>>> print(open('model37.tsv').read())   # TSV, C-alpha atoms
chain	number	residue	atom	x	y	z
R	52	MET	CA	-12.57	184.04	178.34
R	53	MET	CA	-10.49	183.83	175.13
R	54	THR	CA	-6.84	183.68	176.17
R	55	GLU	CA	-5.68	182.60	172.71
R	56	PRO	CA	-6.27	184.33	169.40
R	57	VAL	CA	-9.53	183.41	167.66
R	58	ASN	CA	-9.55	183.25	163.88
R	59	LEU	CA	-12.54	184.75	162.09
R	60	GLN	CA	-12.42	182.36	159.13
R	61	LYS	CA	-12.05	179.24	161.29
R	62	THR	CA	-15.01	180.39	163.35
R	63	LEU	CA	-17.06	181.07	160.23
R	64	ASP	CA	-16.13	177.61	158.88
R	65	SER	CA	-17.40	176.00	162.09
R	66	PHE	CA	-21.11	176.67	161.56
R	67	THR	CA	-23.65	176.98	158.77
R	68	GLU	CA	-26.62	178.69	160.42
R	69	LEU	CA	-27.63	182.04	158.94
R	70	TRP	CA	-28.34	185.13	161.06
R	71	SER	CA	-26.86	183.38	164.08
R	72	PRO	CA	-23.82	185.24	165.43
R	73	ARG	CA	-20.88	183.64	167.19
R	74	ILE	CA	-18.94	185.62	169.79
R	75	VAL	CA	-15.25	185.64	168.83
R	76	ALA	CA	-13.99	188.15	171.40
R	77	GLN	CA	-15.13	190.16	174.38
R	78	PHE	CA	-13.56	193.39	175.59
R	79	ASN	CA	-14.78	195.74	178.28
R	80	ASP	CA	-18.54	195.19	178.12
R	81	TYR	CA	-18.63	194.60	174.38
R	82	ASP	CA	-18.88	191.53	172.13
R	83	VAL	CA	-17.30	190.97	168.76
R	84	ARG	CA	-19.57	188.67	166.80
R	85	VAL	CA	-19.39	187.07	163.36
R	86	ALA	CA	-22.39	185.83	161.43
R	87	LYS	CA	-23.44	184.54	158.05
R	88	PHE	CA	-26.14	186.58	156.34
R	89	HIS	CA	-28.13	185.48	153.28
R	90	GLY	CA	-31.51	186.84	152.29
R	91	GLU	CA	-33.53	189.39	154.22
R	92	TYR	CA	-33.37	190.09	157.93
R	93	VAL	CA	-36.14	191.81	159.90
R	94	TRP	CA	-36.54	195.52	160.42
R	95	HIS	CA	-35.38	196.35	163.92
R	96	ALA	CA	-33.76	199.03	166.04
R	97	HIS	CA	-31.43	199.16	169.02
R	98	GLN	CA	-32.63	202.06	171.14
R	99	ASP	CA	-29.57	202.39	173.36
R	100	THR	CA	-26.58	201.49	171.24
R	101	ASP	CA	-24.93	202.15	167.91
R	102	GLU	CA	-23.99	199.01	165.96
R	103	LEU	CA	-20.72	198.56	164.11
R	104	PHE	CA	-20.69	196.42	160.97
R	105	LEU	CA	-17.60	195.19	159.11
R	106	VAL	CA	-18.00	193.08	155.98
R	107	VAL	CA	-15.48	190.22	156.19
R	108	ALA	CA	-16.63	188.73	152.89
R	109	GLY	CA	-19.40	189.41	150.43
R	110	ARG	CA	-21.74	192.33	150.08
R	111	LEU	CA	-24.29	193.72	152.51
R	112	VAL	CA	-27.10	196.16	151.90
R	113	ILE	CA	-28.40	197.86	155.02
R	114	HIS	CA	-31.82	199.42	154.59
R	115	LEU	CA	-32.42	202.34	156.92
R	116	ARG	CA	-35.68	203.99	157.92
R	117	GLU	CA	-35.94	207.33	159.68
R	118	ASN	CA	-39.13	209.32	160.11
R	119	GLY	CA	-40.79	207.05	157.58
R	120	VAL	CA	-38.18	207.72	154.90
R	121	GLU	CA	-36.27	204.70	153.59
R	122	ARG	CA	-32.79	204.65	152.12
R	123	PHE	CA	-30.01	202.10	151.99
R	124	VAL	CA	-26.24	201.83	152.07
R	125	THR	CA	-24.26	199.16	150.24
R	126	LEU	CA	-21.23	197.68	151.99
R	127	GLN	CA	-18.55	195.78	150.08
R	128	THR	CA	-15.89	193.48	151.54
R	129	GLY	CA	-13.71	195.43	153.94
R	130	ASP	CA	-16.27	198.19	154.51
R	131	THR	CA	-17.18	199.42	157.99
R	132	TYR	CA	-20.43	201.19	158.78
R	133	VAL	CA	-22.17	202.29	161.95
R	134	VAL	CA	-25.94	202.19	162.33
R	135	PRO	CA	-26.78	204.89	164.89
R	136	ARG	CA	-28.83	204.02	167.95
R	137	GLY	CA	-32.57	204.25	167.44
R	138	MET	CA	-32.31	203.91	163.64
R	139	GLU	CA	-34.55	201.24	162.16
R	140	HIS	CA	-32.49	199.01	159.91
R	141	LYS	CA	-32.78	195.81	157.92
R	142	PRO	CA	-29.70	193.96	156.59
R	143	VAL	CA	-30.07	192.20	153.25
R	144	SER	CA	-27.56	189.99	151.44
R	145	ASP	CA	-28.32	188.70	147.96
R	146	ALA	CA	-25.62	186.05	148.37
R	147	GLU	CA	-24.06	184.68	151.55
R	148	SER	CA	-21.97	187.30	153.29
R	149	HIS	CA	-19.80	187.11	156.39
R	150	ILE	CA	-20.27	189.99	158.77
R	151	LEU	CA	-18.47	191.13	161.91
R	152	MET	CA	-20.41	193.21	164.42
R	153	VAL	CA	-19.40	194.96	167.62
R	154	GLU	CA	-22.03	195.82	170.19
R	155	PRO	CA	-22.54	195.78	173.94
R	156	THR	CA	-22.63	192.30	175.50
R	157	GLY	CA	-26.25	191.23	175.83
R	158	THR	CA	-27.49	193.18	172.81
R	159	LEU	CA	-30.25	191.16	171.16
R	160	THR	CA	-29.80	190.53	167.42
R	161	VAL	CA	-33.36	191.62	166.70
R	162	GLY	CA	-33.07	194.81	168.74
R	163	ASP	CA	-35.52	196.21	171.25
R	164	THR	CA	-38.21	196.89	168.69
R	165	HIS	CA	-38.74	194.74	165.63
R	166	GLU	CA	-41.32	193.34	163.25
R	167	GLU	CA	-42.60	189.77	163.61
R	168	ILE	CA	-39.66	187.36	163.76
R	169	PRO	CA	-39.78	184.60	161.11
R	170	ASP	CA	-38.51	181.07	161.80
R	171	HIS	CA	-35.22	181.55	159.98
R	172	VAL	CA	-34.12	184.32	162.33
R	173	ASP	CA	-32.26	183.42	165.51
R	174	ALA	CA	-33.17	185.98	168.20
R	175	THR	CA	-30.06	185.74	170.37
R	176	THR	CA	-27.44	187.71	172.21
R	177	GLY	CA	-24.82	185.63	170.36
R	178	HIS	CA	-23.52	182.10	170.80
R	179	HIS	CA	-20.25	181.31	172.51
R	180	ILE	CA	-17.79	179.22	170.53
R	181	GLY	CA	-15.92	176.04	171.47
D	304	MET	CA	-19.30	211.59	161.41
D	305	MET	CA	-19.06	208.78	158.81
D	306	THR	CA	-22.41	208.59	157.07
D	307	GLU	CA	-21.04	206.44	154.24
D	308	PRO	CA	-19.19	203.12	154.52
D	309	VAL	CA	-15.43	203.39	155.02
D	310	ASN	CA	-13.22	200.79	153.38
D	311	LEU	CA	-10.32	199.42	155.43
D	312	GLN	CA	-8.05	198.77	152.46
D	313	LYS	CA	-8.66	202.18	150.88
D	314	THR	CA	-7.87	203.80	154.20
D	315	LEU	CA	-4.71	201.73	154.60
D	316	ASP	CA	-3.68	202.66	151.05
D	317	SER	CA	-4.05	206.37	151.89
D	318	PHE	CA	-1.07	206.63	154.26
D	319	THR	CA	2.38	205.16	154.82
D	320	GLU	CA	3.22	206.15	158.41
D	321	LEU	CA	3.87	203.27	160.79
D	322	TRP	CA	2.31	203.06	164.27
D	323	SER	CA	-0.03	205.90	163.37
D	324	PRO	CA	-3.67	204.81	163.53
D	325	ARG	CA	-6.48	206.22	161.41
D	326	ILE	CA	-10.03	206.28	162.78
D	327	VAL	CA	-12.33	204.49	160.32
D	328	ALA	CA	-15.49	204.39	162.44
D	329	GLN	CA	-16.88	205.60	165.74
D	330	PHE	CA	-19.73	203.98	167.65
D	331	ASN	CA	-21.01	204.81	171.11
D	332	ASP	CA	-17.85	206.12	172.79
D	333	TYR	CA	-15.48	203.83	170.90
D	334	ASP	CA	-13.12	204.22	167.95
D	335	VAL	CA	-12.26	201.67	165.28
D	336	ARG	CA	-8.73	202.38	164.13
D	337	VAL	CA	-6.45	200.86	161.49
D	338	ALA	CA	-2.69	201.15	161.53
D	339	LYS	CA	0.42	199.83	159.85
D	340	PHE	CA	2.87	198.09	162.15
D	341	HIS	CA	6.46	197.19	161.29
D	342	GLY	CA	9.24	196.61	163.77
D	343	GLU	CA	8.94	196.96	167.51
D	344	TYR	CA	6.52	199.14	169.41
D	345	VAL	CA	7.01	200.27	173.01
D	346	TRP	CA	5.96	198.42	176.14
D	347	HIS	CA	2.83	200.09	177.46
D	348	ALA	CA	-0.39	199.44	179.33
D	349	HIS	CA	-3.92	200.83	179.30
D	350	GLN	CA	-5.06	200.87	182.90
D	351	ASP	CA	-8.76	201.37	182.30
D	352	THR	CA	-9.59	199.53	179.12
D	353	ASP	CA	-9.16	196.25	177.31
D	354	GLU	CA	-7.87	196.56	173.75
D	355	LEU	CA	-9.20	194.57	170.82
D	356	PHE	CA	-6.81	193.64	168.01
D	357	LEU	CA	-7.78	192.18	164.64
D	358	VAL	CA	-5.09	191.37	162.08
D	359	VAL	CA	-6.33	192.60	158.70
D	360	ALA	CA	-3.12	191.48	156.93
D	361	GLY	CA	0.22	190.10	158.00
D	362	ARG	CA	1.37	188.68	161.29
D	363	LEU	CA	1.54	190.31	164.71
D	364	VAL	CA	3.33	189.13	167.82
D	365	ILE	CA	2.05	190.69	171.03
D	366	HIS	CA	4.49	190.40	173.92
D	367	LEU	CA	2.77	190.41	177.29
D	368	ARG	CA	4.24	191.04	180.74
D	369	GLU	CA	2.43	190.26	183.96
D	370	ASN	CA	4.05	190.26	187.38
D	371	GLY	CA	7.44	190.35	185.69
D	372	VAL	CA	6.75	187.24	183.61
D	373	GLU	CA	6.90	187.65	179.83
D	374	ARG	CA	5.09	185.61	177.23
D	375	PHE	CA	3.78	186.31	173.77
D	376	VAL	CA	0.92	185.45	171.48
D	377	THR	CA	1.21	185.25	167.70
D	378	LEU	CA	-1.68	186.53	165.62
D	379	GLN	CA	-2.11	185.59	161.97
D	380	THR	CA	-4.32	187.31	159.40
D	381	GLY	CA	-7.93	187.17	160.53
D	382	ASP	CA	-7.09	186.57	164.19
D	383	THR	CA	-8.72	188.55	166.99
D	384	TYR	CA	-7.18	188.97	170.41
D	385	VAL	CA	-7.95	191.06	173.47
D	386	VAL	CA	-5.22	192.51	175.69
D	387	PRO	CA	-6.81	192.89	179.13
D	388	ARG	CA	-6.72	196.25	180.90
D	389	GLY	CA	-3.62	196.81	182.97
D	390	MET	CA	-1.58	194.22	181.06
D	391	GLU	CA	1.78	195.50	179.81
D	392	HIS	CA	2.11	194.69	176.13
D	393	LYS	CA	4.39	195.35	173.19
D	394	PRO	CA	3.32	194.66	169.61
D	395	VAL	CA	6.02	193.47	167.19
D	396	SER	CA	5.75	192.85	163.45
D	397	ASP	CA	8.69	191.36	161.54
D	398	ALA	CA	7.14	192.55	158.29
D	399	GLU	CA	4.53	195.23	157.71
D	400	SER	CA	1.18	194.24	159.10
D	401	HIS	CA	-2.20	195.96	158.97
D	402	ILE	CA	-4.02	195.99	162.26
D	403	LEU	CA	-7.52	197.01	163.32
D	404	MET	CA	-8.05	198.07	166.92
D	405	VAL	CA	-11.15	198.96	168.89
D	406	GLU	CA	-10.85	201.04	172.03
D	407	PRO	CA	-12.58	203.92	173.80
D	408	THR	CA	-12.37	207.27	171.97
D	409	GLY	CA	-9.46	209.23	173.37
D	410	THR	CA	-7.36	206.18	174.28
D	411	LEU	CA	-3.71	207.06	173.72
D	412	THR	CA	-1.76	204.63	171.52
D	413	VAL	CA	1.07	204.46	174.03
D	414	GLY	CA	-1.22	203.84	176.98
D	415	ASP	CA	-1.17	205.48	180.39
D	416	THR	CA	2.15	203.99	181.38
D	417	HIS	CA	4.93	203.31	178.90
D	418	GLU	CA	8.66	203.22	178.38
D	419	GLU	CA	10.46	206.10	176.68
D	420	ILE	CA	8.83	206.86	173.33
D	421	PRO	CA	11.22	206.73	170.35
D	422	ASP	CA	10.88	209.09	167.38
D	423	HIS	CA	9.25	206.51	165.12
D	424	VAL	CA	6.27	206.15	167.45
D	425	ASP	CA	3.29	208.48	167.03
D	426	ALA	CA	1.72	209.05	170.46
D	427	THR	CA	-1.82	209.86	169.40
D	428	THR	CA	-5.46	209.20	170.07
D	429	GLY	CA	-5.83	208.41	166.36
D	430	HIS	CA	-6.07	210.55	163.24
D	431	HIS	CA	-9.33	211.33	161.50
D	432	ILE	CA	-9.50	210.49	157.80
D	433	GLY	CA	-10.71	212.53	154.85
>>> encode(input="model37.tsv", output="structure tokens")
Amino acid sequence: MMTEPVNLQKTLDSFTELWSPRIVAQFNDYDVRVAKFHGEYVWHAHQDTDELFLVVAGRLVIHLRENGVERFVTLQTGDTYVVPRGMEHKPVSDAESHILMVEPTGTLTVGDTHEEIPDHVDATTGHHIG
Amino acid sequence: MMTEPVNLQKTLDSFTELWSPRIVAQFNDYDVRVAKFHGEYVWHAHQDTDELFLVVAGRLVIHLRENGVERFVTLQTGDTYVVPRGMEHKPVSDAESHILMVEPTGTLTVGDTHEEIPDHVDATTGHHIG
């Protein structure tokens, strides 16, 4: 699919939509996606896969809920974090952040189980670029 | 394993060895590794897995050999590139570069098939941090 290098920043500069990941690379049966986050996402969980986050720019708070107990982790630029499969989580960014995610191809952004999806959230398996 | 975020730059600042990846995150059965490259690596191939490269800092040239024909791709900071499974490749960095790789846990840095391994190359499945 991509036979030439794909630049993260150029890809991020090519769109403005929030919560709408672009697929920058595919390897084995996984996608590498970049997205712009700003505001609150929806609570959701991926039952069958962990999800890798890497903050390319900005700050990301990931709220986590397990057995009814909520906590959160704060990711700064350059931080990686893995949300384990089955864990309910809700990303929040006070200001626009740029996030890289790695997950199996076909993984839906809103997970398998989620709360009601508001209009500003793009329920997608990622958009191909150029 | 990592229940708190892991910062790429802090990890890179914690070691000086070249061609010696540190595991910063694990998800599903994959590792995220960061390494410092400088000089020439060895020609090698991973028969059963694609390999994702992301240049965190610096510049990386990946030489590729297929059916005896050589070519190369040049990756700048922020570039992603996937070397397909079975493809012979040889990373080269004229100056020190910082590289993130994603590959299945247990994947050997020098691949399944490789030329003779010089002393400066650490044949490893990645080192755990902290």
>>> residues_near_point(input="model37.tsv", point="(0.0, 206.1, 171.2)", cutoff="9 Å", atoms="only C-alpha atoms", output="PyMOL selection string")
chain D and resi 322-324+410-414+424-429
>>> write_last_selection(input="model37.tsv", atoms="C-alpha atoms", output="tab-separated table (two decimals), keeping the file's coordinate frame")
chain	number	residue	atom	x	y	z
D	322	TRP	CA	2.31	203.06	164.27
D	323	SER	CA	-0.03	205.90	163.37
D	324	PRO	CA	-3.67	204.81	163.53
D	410	THR	CA	-7.36	206.18	174.28
D	411	LEU	CA	-3.71	207.06	173.72
D	412	THR	CA	-1.76	204.63	171.52
D	413	VAL	CA	1.07	204.46	174.03
D	414	GLY	CA	-1.22	203.84	176.98
D	424	VAL	CA	6.27	206.15	167.45
D	425	ASP	CA	3.29	208.48	167.03
D	426	ALA	CA	1.72	209.05	170.46
D	427	THR	CA	-1.82	209.86	169.40
D	428	THR	CA	-5.46	209.20	170.07
D	429	GLY	CA	-5.83	208.41	166.36
>>> interface_residues(input="model37.tsv", of="chain R", to="chain D", cutoff="6 Å", atoms="only C-alpha atoms", output="list of chain:residue names")
R:Pro56, R:Val57, R:Asn58, R:Leu59, R:Phe78, R:Asn79, R:Asp101, R:Gly129, R:Asp130, R:Thr131, R:Tyr132
>>> atom_distance(input="model37.tsv", atom1="CA of Thr164 in chain R", atom2="CA of His140 in chain R")
10.7 Å
>>> residues_around(input="model37.tsv", residues="His114 in chain R", least_positions_apart="4", cutoff="10 Å", atoms="all atoms listed in the file", output="PyMOL selection string")
chain R and resi 94+121-125+139-143
>>> atom_distance(input="model37.tsv", atom1="CA of Ile150 in chain R", atom2="CA of Ala338 in chain D")
21.0 Å
>>> closest_residue(input="model37.tsv", among="R:Val93, R:Leu69, R:Leu115, R:Ile168", to="Gly137 in chain R", atoms="only C-alpha atoms")
R:Leu115
>>> atom_distance(input="model37.tsv", atom1="CA of Phe340 in chain D", atom2="CA of Glu369 in chain D")
23.2 Å
>>> closest_residue(input="model37.tsv", among="D:His401, D:His431, D:Arg325, D:His347", to="Glu419 in chain D", atoms="only C-alpha atoms")
D:His347
>>> decode(input="model37.tsv", residues="range 68-107 of chain R", atoms="N, CA and C atoms", output="CSV table (one decimal), in the first residue's frame")
chain,number,residue,atom,x,y,z
R,68,GLU,N,-10.4,17.6,10.7
R,68,GLU,CA,-11.4,16.9,11.4
R,68,GLU,C,-10.9,16.3,12.7
R,69,LEU,N,-11.6,16.5,13.8
R,69,LEU,CA,-11.2,15.9,15.1
R,69,LEU,C,-11.8,14.5,15.2
R,70,TRP,N,-11.1,13.6,16.0
R,70,TRP,CA,-11.5,12.3,16.3
R,70,TRP,C,-11.7,11.5,15.0
R,71,SER,N,-10.9,11.7,14.0
R,71,SER,CA,-11.1,11.1,12.7
R,71,SER,C,-9.8,10.6,12.2
R,72,PRO,N,-9.3,9.4,12.6
R,72,PRO,CA,-8.0,8.9,12.3
R,72,PRO,C,-7.7,8.7,10.8
R,73,ARG,N,-6.5,9.0,10.4
R,73,ARG,CA,-5.9,8.7,9.1
R,73,ARG,C,-4.9,7.5,9.3
R,74,ILE,N,-5.0,6.6,8.3
R,74,ILE,CA,-4.1,5.4,8.4
R,74,ILE,C,-2.8,5.8,7.6
R,75,VAL,N,-1.7,5.9,8.4
R,75,VAL,CA,-0.4,6.3,7.8
R,75,VAL,C,0.5,5.1,7.4
R,76,ALA,N,0.2,3.9,8.0
R,76,ALA,CA,1.0,2.7,7.7
R,76,ALA,C,0.2,1.5,8.0
R,77,GLN,N,0.5,0.4,7.3
R,77,GLN,CA,-0.1,-0.9,7.7
R,77,GLN,C,1.0,-1.9,7.7
R,78,PHE,N,1.0,-2.7,8.7
R,78,PHE,CA,2.0,-3.8,8.8
R,78,PHE,C,1.3,-5.0,9.4
R,79,ASN,N,1.7,-6.2,8.9
R,79,ASN,CA,1.0,-7.4,9.3
R,79,ASN,C,-0.5,-7.1,9.2
R,80,ASP,N,-1.3,-7.4,10.2
R,80,ASP,CA,-2.7,-7.0,10.2
R,80,ASP,C,-3.0,-5.9,11.1
R,81,TYR,N,-2.1,-4.9,11.2
R,81,TYR,CA,-2.2,-3.8,12.0
R,81,TYR,C,-2.2,-2.5,11.2
R,82,ASP,N,-2.9,-1.5,11.8
R,82,ASP,CA,-2.9,-0.1,11.2
R,82,ASP,C,-2.1,0.8,12.2
R,83,VAL,N,-1.4,1.8,11.6
R,83,VAL,CA,-0.9,2.9,12.4
R,83,VAL,C,-1.8,4.1,11.9
R,84,ARG,N,-2.4,4.7,12.9
R,84,ARG,CA,-3.3,5.8,12.6
R,84,ARG,C,-2.9,7.1,13.4
R,85,VAL,N,-3.1,8.2,12.7
R,85,VAL,CA,-2.9,9.5,13.5
R,85,VAL,C,-4.2,10.3,13.5
R,86,ALA,N,-4.5,10.9,14.6
R,86,ALA,CA,-5.7,11.7,14.7
R,86,ALA,C,-5.5,12.9,15.5
R,87,LYS,N,-6.4,13.9,15.3
R,87,LYS,CA,-6.5,15.1,16.1
R,87,LYS,C,-7.6,15.0,17.2
R,88,PHE,N,-7.2,15.1,18.4
R,88,PHE,CA,-8.2,15.1,19.5
R,88,PHE,C,-8.3,16.5,20.1
R,89,HIS,N,-9.5,16.8,20.5
R,89,HIS,CA,-9.8,18.1,21.2
R,89,HIS,C,-11.1,17.9,21.8
R,90,GLY,N,-11.2,18.1,23.2
R,90,GLY,CA,-12.4,17.9,23.9
R,90,GLY,C,-12.6,16.5,24.4
R,91,GLU,N,-13.8,16.0,24.6
R,91,GLU,CA,-14.0,14.7,25.2
R,91,GLU,C,-14.5,13.7,24.2
R,92,TYR,N,-13.9,12.5,24.2
R,92,TYR,CA,-14.4,11.4,23.4
R,92,TYR,C,-15.5,10.7,24.2
R,93,VAL,N,-15.9,9.6,23.7
R,93,VAL,CA,-16.9,8.7,24.4
R,93,VAL,C,-16.2,7.6,25.1
R,94,TRP,N,-16.8,7.2,26.2
R,94,TRP,CA,-16.4,6.0,26.9
R,94,TRP,C,-16.6,4.8,25.9
R,95,HIS,N,-15.6,4.0,25.8
R,95,HIS,CA,-15.7,2.8,25.0
R,95,HIS,C,-14.7,1.7,25.4
R,96,ALA,N,-14.9,0.6,24.8
R,96,ALA,CA,-13.9,-0.5,25.1
R,96,ALA,C,-13.7,-1.4,23.9
R,97,HIS,N,-12.5,-1.9,23.7
R,97,HIS,CA,-12.2,-2.8,22.7
R,97,HIS,C,-12.0,-4.2,23.4
R,98,GLN,N,-13.0,-5.1,23.1
R,98,GLN,CA,-13.0,-6.4,23.9
R,98,GLN,C,-11.8,-7.3,23.5
R,99,ASP,N,-11.3,-7.2,22.3
R,99,ASP,CA,-10.4,-8.2,21.8
R,99,ASP,C,-9.0,-7.7,21.5
R,100,THR,N,-8.7,-6.4,21.8
R,100,THR,CA,-7.4,-5.9,21.5
R,100,THR,C,-7.0,-4.8,22.4
R,101,ASP,N,-5.7,-4.8,22.8
R,101,ASP,CA,-5.1,-3.7,23.5
R,101,ASP,C,-5.0,-2.6,22.4
R,102,GLU,N,-4.8,-1.3,22.9
R,102,GLU,CA,-4.6,-0.2,22.0
R,102,GLU,C,-3.4,0.6,22.5
R,103,LEU,N,-2.5,0.8,21.5
R,103,LEU,CA,-1.3,1.6,21.8
R,103,LEU,C,-1.5,3.1,21.4
R,104,PHE,N,-1.2,4.0,22.4
R,104,PHE,CA,-1.3,5.4,22.1
R,104,PHE,C,0.1,6.0,22.2
R,105,LEU,N,0.4,6.9,21.3
R,105,LEU,CA,1.7,7.7,21.4
R,105,LEU,C,1.3,9.1,21.1
R,106,VAL,N,1.7,10.0,22.1
R,106,VAL,CA,1.3,11.4,21.9
R,106,VAL,C,2.4,12.1,21.0
R,107,VAL,N,2.0,12.5,19.8
R,107,VAL,CA,2.9,13.1,18.9
R,107,VAL,C,3.1,14.6,19.3
